[in-house]
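Raw query-v4.cif, mmCIF, C-alpha atoms and all ligand atoms:
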```cif
data_model
#
loop_
_atom_site.label_atom_id
_atom_site.label_comp_id
_atom_site.auth_asym_id
_atom_site.auth_seq_id
_atom_site.Cartn_x
_atom_site.Cartn_y
_atom_site.Cartn_z
CA MET U 1 -20.93 -15.25 16.86
CA THR U 2 -23.26 -14.26 14.04
CA ALA U 3 -26.95 -15.10 13.82
CA VAL U 4 -28.21 -16.91 10.75
CA GLY U 5 -31.97 -17.27 11.00
CA ASP U 6 -32.58 -18.54 14.53
CA VAL U 7 -29.30 -20.39 14.70
CA ALA U 8 -26.20 -18.87 16.25
CA VAL U 9 -23.28 -19.76 14.04
CA ASP U 10 -19.77 -19.81 15.39
CA ALA U 11 -17.56 -17.57 13.22
CA ALA U 12 -14.83 -20.22 13.30
CA VAL U 13 -17.20 -22.81 11.84
CA THR U 14 -18.19 -20.36 9.09
CA ALA U 15 -14.52 -19.75 8.31
CA ALA U 16 -13.88 -23.49 8.22
CA ALA U 17 -16.75 -23.93 5.75
CA LEU U 18 -15.35 -21.16 3.57
CA ILE U 19 -11.91 -22.82 3.56
CA GLU U 20 -13.55 -26.12 2.64
CA GLU U 21 -15.30 -24.38 -0.26
CA ALA U 22 -12.05 -22.68 -1.30
CA ARG U 23 -10.35 -26.09 -1.47
CA SER U 24 -13.00 -27.32 -3.90
CA PHE U 25 -11.61 -24.84 -6.49
CA LEU U 26 -8.01 -26.11 -6.28
CA GLY U 27 -6.51 -28.03 -9.16
CA PRO U 28 -5.09 -27.71 -12.66
CA THR U 29 -8.29 -26.60 -14.39
CA PRO U 30 -7.67 -23.03 -15.53
CA GLY U 31 -10.30 -20.33 -15.88
CA PRO U 32 -11.04 -18.45 -19.10
CA ALA U 33 -8.10 -17.00 -21.02
CA ARG U 34 -7.59 -13.24 -20.92
CA VAL U 35 -5.95 -11.70 -23.96
CA GLY U 36 -3.25 -9.05 -23.57
CA ARG U 37 -4.10 -5.53 -24.63
CA ASP U 38 -1.12 -5.07 -26.97
CA PRO U 39 0.95 -7.56 -28.94
CA VAL U 40 4.64 -7.97 -28.10
CA ASN U 41 6.05 -4.66 -29.32
CA LEU U 42 9.33 -2.81 -29.60
CA PRO U 43 8.37 0.42 -27.74
CA MET U 44 7.54 -1.55 -24.56
CA VAL U 45 10.74 -3.58 -24.98
CA HIS U 46 12.72 -0.32 -25.26
CA HIS U 47 11.18 1.02 -22.04
CA TRP U 48 11.91 -2.23 -20.23
CA CYS U 49 15.54 -2.39 -21.39
CA GLN U 50 16.07 1.26 -20.48
CA ALA U 51 14.53 0.85 -17.01
CA LEU U 52 16.54 -2.29 -16.26
CA ASP U 53 19.67 -1.18 -18.12
CA ASP U 54 19.53 -4.45 -20.07
CA ARG U 55 21.77 -4.01 -23.14
CA ASN U 56 21.30 -7.42 -24.75
CA PRO U 57 21.19 -6.59 -28.50
CA ALA U 58 18.87 -9.55 -29.15
CA TYR U 59 16.05 -7.33 -27.82
CA VAL U 60 16.60 -4.05 -29.66
CA ASP U 61 19.25 -4.26 -32.40
CA PRO U 62 18.16 -6.23 -35.50
CA ASP U 63 21.66 -6.00 -36.99
CA ALA U 64 23.34 -7.45 -33.91
CA SER U 65 20.75 -10.16 -33.26
CA THR U 66 22.05 -13.63 -34.17
CA ARG U 67 18.49 -14.92 -34.70
CA GLY U 68 17.58 -12.85 -37.73
CA HIS U 69 14.75 -11.21 -35.77
CA LEU U 70 14.23 -9.47 -32.44
CA ILE U 71 12.90 -11.26 -29.38
CA ALA U 72 11.33 -9.92 -26.18
CA PRO U 73 13.18 -10.12 -22.86
CA PRO U 74 11.80 -13.28 -21.19
CA GLY U 75 11.32 -11.40 -17.91
CA MET U 76 8.67 -9.24 -19.64
CA LEU U 77 6.31 -12.21 -19.84
CA GLN U 78 3.84 -10.81 -17.31
CA THR U 79 3.83 -7.32 -18.85
CA TRP U 80 2.12 -8.61 -22.01
CA ILE U 81 -1.05 -9.49 -20.11
CA MET U 82 -1.17 -6.63 -17.60
CA ASP U 83 -4.55 -4.88 -17.77
CA ALA U 84 -5.89 -7.69 -19.94
CA PRO U 85 -9.69 -7.30 -19.76
CA ARG U 86 -11.40 -9.77 -17.44
CA ASP U 87 -15.00 -10.90 -17.36
CA PRO U 88 -16.23 -10.35 -13.79
CA SER U 89 -19.09 -12.80 -14.36
CA ALA U 90 -16.64 -15.64 -15.14
CA PRO U 91 -14.16 -15.69 -12.24
CA SER U 92 -11.19 -18.03 -12.49
CA PRO U 93 -10.75 -20.77 -9.85
CA ASN U 94 -8.01 -18.80 -8.06
CA GLU U 95 -10.34 -15.77 -7.84
CA GLU U 96 -12.95 -18.04 -6.25
CA VAL U 97 -10.34 -19.10 -3.69
CA MET U 98 -9.39 -15.45 -2.96
CA ARG U 99 -13.03 -14.45 -2.46
CA ARG U 100 -13.48 -17.15 0.17
CA LEU U 101 -10.21 -16.28 1.92
CA ASP U 102 -11.38 -12.64 2.08
CA ALA U 103 -14.75 -13.74 3.50
CA ALA U 104 -12.97 -15.90 6.08
CA GLY U 105 -11.11 -12.83 7.33
CA TYR U 106 -7.79 -13.23 5.50
CA THR U 107 -8.24 -9.84 3.88
CA SER U 108 -4.61 -8.75 3.53
CA VAL U 109 -2.12 -10.01 1.02
CA VAL U 110 1.61 -10.08 0.55
CA ALA U 111 3.45 -11.72 -2.33
CA VAL U 112 6.00 -14.35 -1.27
CA ASN U 113 7.64 -15.28 -4.57
CA TYR U 114 6.96 -15.45 -8.28
CA ASP U 115 8.72 -18.06 -10.41
CA HIS U 116 8.73 -18.06 -14.19
CA ASP U 117 9.48 -20.90 -16.59
CA TYR U 118 10.13 -19.67 -20.12
CA LEU U 119 9.26 -22.37 -22.66
CA ARG U 120 10.14 -20.41 -25.78
CA GLU U 121 11.20 -16.94 -26.92
CA LEU U 122 8.55 -14.39 -27.88
CA SER U 123 8.80 -12.40 -31.10
CA LEU U 124 7.41 -8.98 -31.97
CA GLY U 125 3.77 -9.07 -33.03
CA GLU U 126 2.77 -12.13 -31.00
CA ARG U 127 -0.24 -11.66 -28.75
CA VAL U 128 -0.02 -13.28 -25.33
CA SER U 129 -2.96 -14.44 -23.28
CA VAL U 130 -3.11 -15.95 -19.81
CA ARG U 131 -5.29 -18.35 -17.89
CA THR U 132 -4.95 -19.16 -14.23
CA TYR U 133 -5.77 -21.65 -11.53
CA ALA U 134 -5.02 -22.13 -7.83
CA GLU U 135 -2.59 -24.93 -7.10
CA ASP U 136 -2.63 -25.23 -3.32
CA LEU U 137 -3.88 -23.72 -0.08
CA SER U 138 -1.98 -24.23 3.16
CA GLU U 139 -3.25 -24.78 6.68
CA GLU U 140 -3.32 -21.61 8.80
CA LYS U 141 0.22 -20.52 9.70
CA GLN U 142 1.31 -18.05 12.38
CA THR U 143 3.43 -15.41 10.63
CA ALA U 144 5.02 -12.13 11.69
CA LEU U 145 2.18 -10.36 9.82
CA GLY U 146 -0.56 -12.34 11.53
CA PRO U 147 -2.29 -15.70 11.06
CA GLY U 148 -2.58 -16.53 7.38
CA ARG U 149 -2.67 -19.13 4.63
CA PHE U 150 -0.32 -19.51 1.68
CA THR U 151 -1.72 -20.14 -1.77
CA THR U 152 -0.10 -20.51 -5.19
CA THR U 153 -1.65 -19.21 -8.38
CA VAL U 154 -0.41 -20.78 -11.61
CA TYR U 155 -0.33 -18.55 -14.71
CA GLU U 156 -0.31 -20.31 -18.06
CA TYR U 157 0.92 -17.86 -20.68
CA LEU U 158 -0.20 -18.71 -24.20
CA VAL U 159 0.22 -17.62 -27.79
CA GLY U 160 -2.81 -19.09 -29.49
CA ASP U 161 -3.12 -22.56 -27.94
CA GLU U 162 0.60 -22.96 -27.29
CA VAL U 163 1.82 -22.57 -23.72
CA VAL U 164 4.91 -20.33 -23.94
CA GLY U 165 5.58 -19.80 -20.25
CA ILE U 166 4.42 -20.70 -16.75
CA GLY U 167 4.30 -18.40 -13.73
CA ARG U 168 3.81 -19.54 -10.15
CA MET U 169 2.96 -16.77 -7.72
CA ARG U 170 2.87 -17.69 -4.06
CA ILE U 171 1.12 -15.27 -1.76
CA LEU U 172 0.20 -15.09 1.89
CA LYS U 173 -3.38 -14.08 2.65
CA PHE U 174 -3.50 -13.02 6.30
CA ARG U 175 -5.69 -11.46 8.95
CA PRO U 176 -4.44 -7.91 9.55
CA PRO U 177 -3.85 -6.99 13.19
CA ARG U 178 -6.20 -4.38 14.62
CA ALA U 179 -4.87 -1.06 15.94
CA SER U 180 -5.91 -2.12 19.44
CA ASP U 181 -3.49 -5.08 19.14
CA VAL U 182 -0.42 -3.02 18.48
CA GLY U 183 0.11 -1.02 21.64
CA GLU U 184 0.54 2.65 22.41
CA ARG U 185 1.44 5.63 20.26
CA VAL U 186 5.18 6.34 20.05
CA ARG U 187 6.09 9.11 22.48
CA PRO U 188 7.90 12.21 21.25
CA ALA U 189 11.60 12.71 21.98
CA VAL U 190 11.66 15.79 24.21
CA GLY U 191 14.91 17.76 24.45
CA ARG U 192 16.13 21.25 25.29
CA ASP U 193 15.00 22.73 21.99
CA ASN U 194 11.41 21.46 21.99
CA ALA U 195 10.56 21.13 25.72
CA PHE U 196 8.65 24.45 25.56
CA PHE U 197 6.44 22.98 22.81
CA TRP U 198 5.47 19.89 24.82
CA ASP U 199 5.06 21.95 28.00
CA GLY U 200 2.62 24.03 25.94
CA VAL U 201 0.66 20.95 24.89
CA LYS U 202 0.20 20.07 28.58
CA GLU U 203 -1.12 23.61 29.12
CA GLY U 204 -3.46 23.39 26.12
CA GLU U 205 -1.32 25.79 24.05
CA LEU U 206 0.18 25.35 20.61
CA ARG U 207 3.48 27.20 20.95
CA ILE U 208 5.50 28.39 17.97
CA GLN U 209 9.17 29.10 18.47
CA GLN U 210 10.17 32.74 17.92
CA CYS U 211 13.70 33.95 17.35
CA GLY U 212 14.85 36.26 20.17
CA GLY U 213 17.15 38.04 17.72
CA CYS U 214 14.99 38.90 14.70
CA GLY U 215 11.51 37.81 15.76
CA MET U 216 11.02 35.23 13.00
CA LEU U 217 8.67 32.35 13.78
CA ARG U 218 9.82 28.82 13.03
CA HIS U 219 8.55 25.29 13.35
CA PRO U 220 9.69 22.63 14.09
CA PRO U 221 11.79 24.02 16.95
CA ALA U 222 15.51 24.40 16.27
CA PRO U 223 18.51 25.60 18.29
CA LEU U 224 19.54 28.33 15.87
CA CYS U 225 17.79 30.96 13.71
CA ALA U 226 18.32 30.25 10.01
CA ARG U 227 18.02 33.97 9.25
CA CYS U 228 20.10 35.77 11.91
CA ALA U 229 21.90 32.83 13.59
CA SER U 230 20.68 33.92 17.02
CA THR U 231 20.38 31.21 19.66
CA ASP U 232 17.92 33.28 21.70
CA GLN U 233 14.61 31.45 21.78
CA GLY U 234 11.14 32.53 22.76
CA TYR U 235 7.70 31.53 21.59
CA VAL U 236 4.25 32.81 20.76
CA VAL U 237 0.99 30.93 21.32
CA ALA U 238 -0.79 30.10 18.08
CA SER U 239 -4.43 31.07 17.64
CA GLY U 240 -5.15 27.49 16.55
CA ARG U 241 -6.64 28.60 13.24
CA GLY U 242 -5.20 27.58 9.93
CA VAL U 243 -5.83 25.82 6.64
CA VAL U 244 -4.89 22.39 5.33
CA TYR U 245 -1.77 22.78 3.22
CA SER U 246 -1.46 19.06 2.44
CA HIS U 247 -2.86 15.79 3.73
CA VAL U 248 -2.61 12.04 3.37
CA THR U 249 -4.86 9.30 4.76
CA HIS U 250 -3.17 6.12 5.91
CA HIS U 251 -5.17 2.86 5.91
CA TYR U 252 -2.58 0.13 6.36
CA PRO U 253 -0.42 -1.19 7.96
CA PRO U 254 -1.65 -0.50 11.50
CA LEU U 255 0.49 1.83 13.57
CA ALA U 256 0.90 1.56 17.33
CA GLY U 257 -1.87 3.44 19.11
CA VAL U 258 -3.29 4.93 15.92
CA GLU U 259 -6.91 4.47 14.83
CA MET U 260 -7.32 3.63 11.15
CA PRO U 261 -7.91 5.30 8.81
CA HIS U 262 -5.53 7.99 10.04
CA THR U 263 -5.24 11.36 8.31
CA ALA U 264 -1.96 13.20 8.68
CA LEU U 265 -2.27 16.95 8.08
CA LEU U 266 0.21 19.62 7.19
CA VAL U 267 -1.53 22.72 8.53
CA GLU U 268 -0.55 26.25 7.56
CA LEU U 269 -1.24 28.26 10.69
CA GLU U 270 -2.49 31.82 10.35
CA GLU U 271 0.79 32.91 11.97
CA GLY U 272 2.51 31.73 8.78
CA VAL U 273 4.30 28.53 9.86
CA ARG U 274 3.30 24.99 8.97
CA VAL U 275 2.92 22.16 11.47
CA ILE U 276 2.48 18.45 10.91
CA SER U 277 -0.47 17.19 12.90
CA GLU U 278 -3.44 14.91 12.42
CA LEU U 279 -7.17 14.99 11.83
CA ALA U 280 -9.09 14.96 15.11
CA SER U 281 -10.79 11.73 16.04
CA GLY U 282 -14.39 11.65 14.81
CA ALA U 283 -13.80 14.01 11.87
CA ASP U 284 -14.44 12.59 8.40
CA PRO U 285 -11.27 12.09 6.30
CA ALA U 286 -13.41 12.47 3.15
CA GLN U 287 -14.08 16.11 4.13
CA VAL U 288 -10.40 17.02 4.10
CA ARG U 289 -9.12 19.02 1.14
CA ILE U 290 -6.31 21.45 0.50
CA GLY U 291 -7.31 24.89 1.74
CA LEU U 292 -9.91 23.58 4.24
CA PRO U 293 -10.08 25.93 7.26
CA VAL U 294 -9.28 23.97 10.42
CA GLU U 295 -9.11 24.63 14.14
CA LEU U 296 -6.94 23.22 16.88
CA VAL U 297 -8.12 20.71 19.46
CA PHE U 298 -6.17 18.67 21.98
CA GLN U 299 -7.07 15.02 22.24
CA LYS U 300 -5.91 11.98 24.14
CA VAL U 301 -4.66 9.12 21.97
CA PRO U 302 -4.57 5.43 23.01
CA GLY U 303 -2.12 5.22 25.89
CA GLY U 304 -3.29 8.52 27.36
CA GLN U 305 -0.91 10.88 25.57
CA LEU U 306 -2.27 14.39 24.86
CA LEU U 307 -1.59 15.59 21.31
CA PRO U 308 -2.60 18.57 19.18
CA ALA U 309 -4.98 17.72 16.32
CA PHE U 310 -7.16 19.68 13.93
CA ARG U 311 -10.80 19.45 12.89
CA PRO U 312 -12.75 21.36 10.23
CA ALA U 313 -13.37 24.91 11.53
CA SER U 314 -16.84 25.45 12.93
ZN ZN U 401 16.51 35.34 13.95
#
```
Taking this structure as input, can you express it in the form of structure tokens?
Ligand SMILES: [Zn+2]
Amino acid sequence: MTAVGDVAVDAAVTAAALIEEARSFLGPTPGPARVGRDPVNLPMVHHWCQALDDRNPAYVDPDASTRGHLIAPPGMLQTWIMDAPRDPSAPSPNEEVMRRLDAAGYTSVVAVNYDHDYLRELSLGERVSVRTYAEDLSEEKQTALGPGRFTTTVYEYLVGDEVVGIGRMRILKFRPPRASDVGERVRPAVGRDNAFFWDGVKEGELRIQQCGGCGMLRHPPAPLCARCASTDQGYVVASGRGVVYSHVTHHYPPLAGVEMPHTALLVELEEGVRVISELASGADPAQVRIGLPVELVFQKVPGGQLLPAFRPAS
């Protein structure tokens, strides 16, 4: 429930009103045309043919072309309008639909299919523009990704006023599941080689495997020393101090028992080995940078599992 003035408004009613509004933008009235940045050109055609290993001479070899001139691969249609400047103050009807779907909670998107109809061949030097509209909006469907609605955007590709191709992109806009909906963190596989490590975690120690033969430290644990081939294994307890060697922050999709955003860290410990871990809960992912001094903490993750994590050093 959200309060609007003195009236409590049911979120479902608000969503229904937004869907009603979205439907008012459906229909074959396209928004303003956006003009492609570059005309149809041979360098882009070369890149395309090389990437797709398309050896049709009609695209690149004027001597072998039976038309007397080169044409663009039809499948490139969309590339001619990519990055075409748009006027944010003049949204197209399909953008109006998307805004209302976002506001109604369908914030995630996945493309379902994209059909093209090619009405004529494109020649070098032609400048393509595009205008779009939303064709349909489904009722809410239960999908494997979550509850969502399908919508189709129609792309009218033009050269001047002539429609040269039509694209129909169907997408699913859906409500992303929350981390709390997707269960507990995956548990580690504990075996003979790494049991000492997980026993250490229970004791509040970060243990690094040490070769019994040559003394070299290694992580992750392994049955055999890569340097001296000894199978003797011991360990040392890490100080817990290190620096961030690399990091990545994951926003989506949700992972079981993981709070989003989630920052995975590769920490170079002061003992000289690197461990994959994560940023401690409550620390700010925006603070993380390569070389940041960090310190070890142990924290419970959803499901009650105790795991090593790191936070900026105090
Ligand atoms: Zn060794």
(message) My list of candidates is U:Arg218, U:Ile276, U:Val258, U:Ala264. Which is closest to ligand ZN 401 (chain U) when distances are computed with all atoms listed in the file?
(response)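 Smallest distance to ligand ZN 401 (chain U) is found for U:Arg218.
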(request) In Å, rounded to a single decimal, give me how far atom CA of U:Ala313 is from atom CA of U:Glu295. (result)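 A separation of 5.0 Å between them.
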(message) Neighbours of ligand ZN 401 (chain U) at 8 Å or closer, counting only C-alpha atoms and all ligand atoms: which residues, as a list in words?
(response)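 Residues lying within 8 Å of ligand ZN 401 (chain U): Gln210, Cys211, Gly212, Gly213, Cys214, Gly215, Met216, Leu224, Cys225, Ala226, Arg227, Cys228, Ala229 and Ser230 of chain U.
Of note, atom CA of U:Asp102 and atom CA of U:Arg131 are spaced 21.6 Å apart.
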(message) Can you tell me which residues surround U:Val190 at a distance of at most 12 Å, considering all atoms listed in the file, apart from same-chain residues fewer than 5 positions away, and format the answer as number ranges by chain?
(response) U: 195-199, 221
(message) Here is a test: counting only C-alpha atoms, which residue of U:Ala33, U:Leu124, U:Leu70, U:Ala134 is nearest to U:Glu95?
(response)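 Among the listed residues, U:Ala134 lies closest to U:Glu95.
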(message) So that I can see what lies close to U:Val243, please list as an NGL selection string the residues with an atom at most 10 Å from it, counting all atoms listed in the file and leaving out residues fewer than 5 positions away in the same chain.
(response) :U and (265-270 or 274 or 289-295 or 310 or 312-313)
